[in-house]
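A short write-up of the structure that comes next.
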There are 2 protein chains.
Amino acid sequence: MSREPRREQLLNAADRVIQRDGPRASMNAIAAEAGITKPILYRHFGDRNGLITALTERHTAALLAAVRAALAEPLERRDRVEHVLDTYLAGIEARPQVYRLLTHPEPGDPSGPGQALAPALRQIAEEITRAVQSQVDLGADRELLAEAWGRGITGMVLAAGDWWLESRPCSRTRMVQALADLLWGRLAAAADLPTAVLPTGPVEPPAVEPAVD
Amino acid sequence: MSREPRREQLLNAADRVIQRDGPRASMNAIAAEAGITKPILYRHFGDRNGLITALTERHTAALLAAVRAALAEPLERRDRVEHVLDTYLAGIEARPQVYRLLTHPEPGDPSGPGQALAPALRQIAEEITRAVQSQVDLGADRELLAEAWGRGITGMVLAAGDWWLESRPCSRTRMVQALADLLWGRLAAAADLPTAVLPTGPVEPPAVEPAVD
DNA sequence: ACCGGGGTGTTACCTCGGGTAACATCGTCG
DNA sequence: CGACGATGTTACCCGAGGTAACACCCCGGT
């Protein structure tokens, strides 16, 4: 059997194990699931990171393509934004395990400090950045704003989606509304509440600079 | 020497090592820095997680207090939001290593799947939620919106702050502006760009449902 | 027929990090 | 003194990532 099909088989096995045991599955476990032993895995993927990366890339394509398509939809801007949000949430809802793999990869290697956004999400952020840059008139600060917003929006949806998936506080469409409302400046537009009392006790930022010893 | 002061010493040592070697520092290394051996660490903290947790809690207090204070500042809402954003960014700017520890903890234990928001950030999110709930009139959906927004805003600032800290694309105040603008609905308010062409190639979401084998 | 290469696979080992058991020591309090 | 509670140690176990060395099997070329 030539290399490629074999690789696919191994990836499928890894996929199964990770969906079953989570992203911390050991190489031994994966090898066992594939009915083989470790060295073969290492022959194909170099190291654990290579395996995870290969695995990730297979899934990233779908999510990324879906988001990209949603971003290009010929809708009013608000509708398009809602469409993108819904696409992402639908994706993570449909296959939570895969979603976990993509968004919360085990760091594994010390190459570069841990990023808030996993590679797959980094790509989504770039996609959003591109879309904003090419579709919205933001004046001179276009580049900066688009990049900052791309990251920010992605992080927002990541965190909010995580919470939603975990505690399911509402339907997906309502969640989409909530996030779109946030992006639409509803925080700015809403009225003040009749400020009853300031219930904040005296806050003294403790000087936690740790003693040298 | 009674327990507590000793604990502090050990935490200080751990602090030093982690600031030097990052959050992946080994227990051996930490013990060595403290001039002792592993079992003592385990006596005091149970396991590695206990150590990291204890370490984290010391630092969390400061960031949390700062954010809380900023949230309670008697300013116009936009100014208050900017103040909070600036407080957070200033915090991560001043002590990046500590910030990494708080925001990107090594998962370590398999208890519960990896969350997007580390405990420290979870607390910040709750703080924001409380502030929004008590200060902003959001109608019937108050609870849901505030919670979703708390998480969302925190995730947004996390991801954007991460990027900013890494690539330093602009000054802190400008970054604050960019994020505040996003929250203020500038994405909604901006005009469309003269849509030149739709440069999106045909997007066919590949059926990546992995074969069973 | 033979051999070589590229695939398959194996067993056995190394290293390192988290975690523990068993034991020795010191100071203080009754 | 003795007991207790802290200090500390060495030596070990285990699991996981990763590698070395070896064996098989098939197929194509000379």
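In the structure tokens, chains take the letters A, B, ... in the order shown, each chain's residues start at 1, and ligands count up from 1 in the order shown.
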Report as a VMD selection string all protein, DNA and RNA residues lying within 9 Å of B:Thr60, evaluated on only C-alpha atoms (C1' of nucleotides), omitting residues in the same chain fewer than 6 positions from it.
chain B and resid 102 119 to 121 123
For the selection just defined, write its residues with N, CA and C atoms to a file, as a short mmCIF file (atom, residue, chain, number, x, y, z; two decimals), in the first residue's frame.
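As written to disk, selection.cif reads:
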```cif
data_model
loop_
_atom_site.label_atom_id
_atom_site.label_comp_id
_atom_site.auth_asym_id
_atom_site.auth_seq_id
_atom_site.Cartn_x
_atom_site.Cartn_y
_atom_site.Cartn_z
N LEU B 102 -1.64 33.57 33.86
CA LEU B 102 -3.06 33.70 34.19
C LEU B 102 -3.95 33.32 33.02
N PRO B 119 -9.39 30.35 34.70
CA PRO B 119 -10.13 30.78 35.89
C PRO B 119 -10.05 32.28 36.13
N ALA B 120 -8.86 32.84 36.03
CA ALA B 120 -8.73 34.27 36.27
C ALA B 120 -9.64 35.06 35.34
N LEU B 121 -9.66 34.64 34.07
CA LEU B 121 -10.49 35.35 33.10
C LEU B 121 -11.96 35.08 33.33
N GLN B 123 -13.29 34.86 36.14
CA GLN B 123 -13.70 35.81 37.17
C GLN B 123 -13.90 37.20 36.59
#
```
Which residues are near B:Arg77? Cut-off 9 Å, only C-alpha atoms (C1' of nucleotides), ignore same chain within fewer than 4 positions. Put them as a list in words.
Ala188 and Asp192 of chain A; Val81 and Glu82 of chain B
Sorted by chain and rising residue number, which residues of chain A lie within 12 Å of chain C, and what are their closest atom pairs and distances in Å to one decimal, counting only C-alpha atoms (C1' of nucleotides), as a Markdown table?
```
| residue | atom | partner | partner_atom | distance |
| --- | --- | --- | --- | --- |
| A:Met1 | CA | C:DG7 | C1' | 7.1 |
| A:Ser2 | CA | C:DG7 | C1' | 7.3 |
| A:Arg3 | CA | C:DG7 | C1' | 8.0 |
| A:Glu4 | CA | C:DG7 | C1' | 11.7 |
| A:Arg6 | CA | C:DG7 | C1' | 10.4 |
| A:Gly35 | CA | C:DG9 | C1' | 10.7 |
| A:Ile36 | CA | C:DG9 | C1' | 7.9 |
| A:Thr37 | CA | C:DT10 | C1' | 8.2 |
| A:Lys38 | CA | C:DT10 | C1' | 10.3 |
| A:Pro39 | CA | C:DG9 | C1' | 9.3 |
| A:Ile40 | CA | C:DG9 | C1' | 8.1 |
| A:Leu41 | CA | C:DG9 | C1' | 11.6 |
| A:Arg43 | CA | C:DG7 | C1' | 11.3 |
| A:His44 | CA | C:DG7 | C1' | 11.7 |
```
message: Please check the contacts: residues of chain D at most 10 Å away from chain B, using only C-alpha atoms (C1' of nucleotides), listed as a PyMOL selection string.
response: chain D and resi 5-9
In terms of only C-alpha atoms, the residue from B:Ser134, B:Thr87, B:Asn28, B:Thr56 at minimal distance from chain A is B:Ser134
Skip stretch 169-180 of chain B itself and residues of its chain fewer than 4 positions away, then list as a compact mmCIF listing (two decimals) with C-alpha atoms, in the first residue's frame all residues within 10 Å of it, counting only C-alpha atoms (C1' of nucleotides).
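Produced file result.txt, reproduced below:
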```
# COMPACT_ATOMS: atom_id res chain seq x y z
CA ASP A 141 -7.13 53.16 10.27
CA LEU A 144 -5.22 48.27 12.10
CA LEU A 145 -8.91 48.22 12.91
CA ALA A 146 -9.59 45.27 10.67
CA GLU A 147 -6.81 43.23 12.17
CA ALA A 148 -7.67 44.07 15.74
CA TRP A 149 -11.32 43.40 15.09
CA GLY A 152 -11.24 40.40 18.78
CA ILE A 153 -14.34 39.06 17.14
CA GLY A 185 -23.38 48.59 19.63
CA ALA A 188 -23.56 51.73 23.71
CA ARG B 78 -17.80 54.86 26.90
CA ASP B 79 -15.09 56.32 29.07
CA VAL B 81 -15.31 50.92 28.98
CA GLU B 82 -12.13 52.47 27.68
CA HIS B 83 -10.83 52.67 31.19
CA VAL B 84 -11.44 48.97 31.75
CA LEU B 85 -9.83 48.04 28.45
CA ASP B 86 -6.84 50.20 29.22
CA THR B 87 -6.55 48.70 32.68
CA TYR B 88 -6.43 45.20 31.31
CA LEU B 89 -3.97 46.01 28.56
CA ALA B 90 -1.78 47.92 30.97
CA GLU B 93 1.80 44.92 29.28
CA ILE B 153 -16.03 40.76 25.81
CA MET B 156 -12.42 39.50 22.70
CA VAL B 157 -9.99 41.38 24.86
CA ALA B 160 -6.93 40.98 20.81
CA GLY B 161 -4.62 41.66 23.73
CA TRP B 163 -2.13 39.72 19.41
CA TRP B 164 -1.29 43.24 20.46
CA LEU B 165 1.23 42.10 23.01
CA TRP B 184 -19.52 50.80 20.15
CA GLY B 185 -20.97 49.48 16.95
CA ARG B 186 -18.63 51.12 14.55
```
>> To one decimal place in Å, what is the distance between atom CA of B:Ile18 and atom C1' of D:DG18?
In response: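 Rounded to one decimal, the two atoms are 26.0 Å apart.
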- Query: What is the distance, in Å and to one decimal place, between atom CA of B:Thr154 and atom CA of A:Thr154?
  - Reply: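 Atom-to-atom, atom CA of B:Thr154 to atom CA of A:Thr154, that is 11.6 Å.
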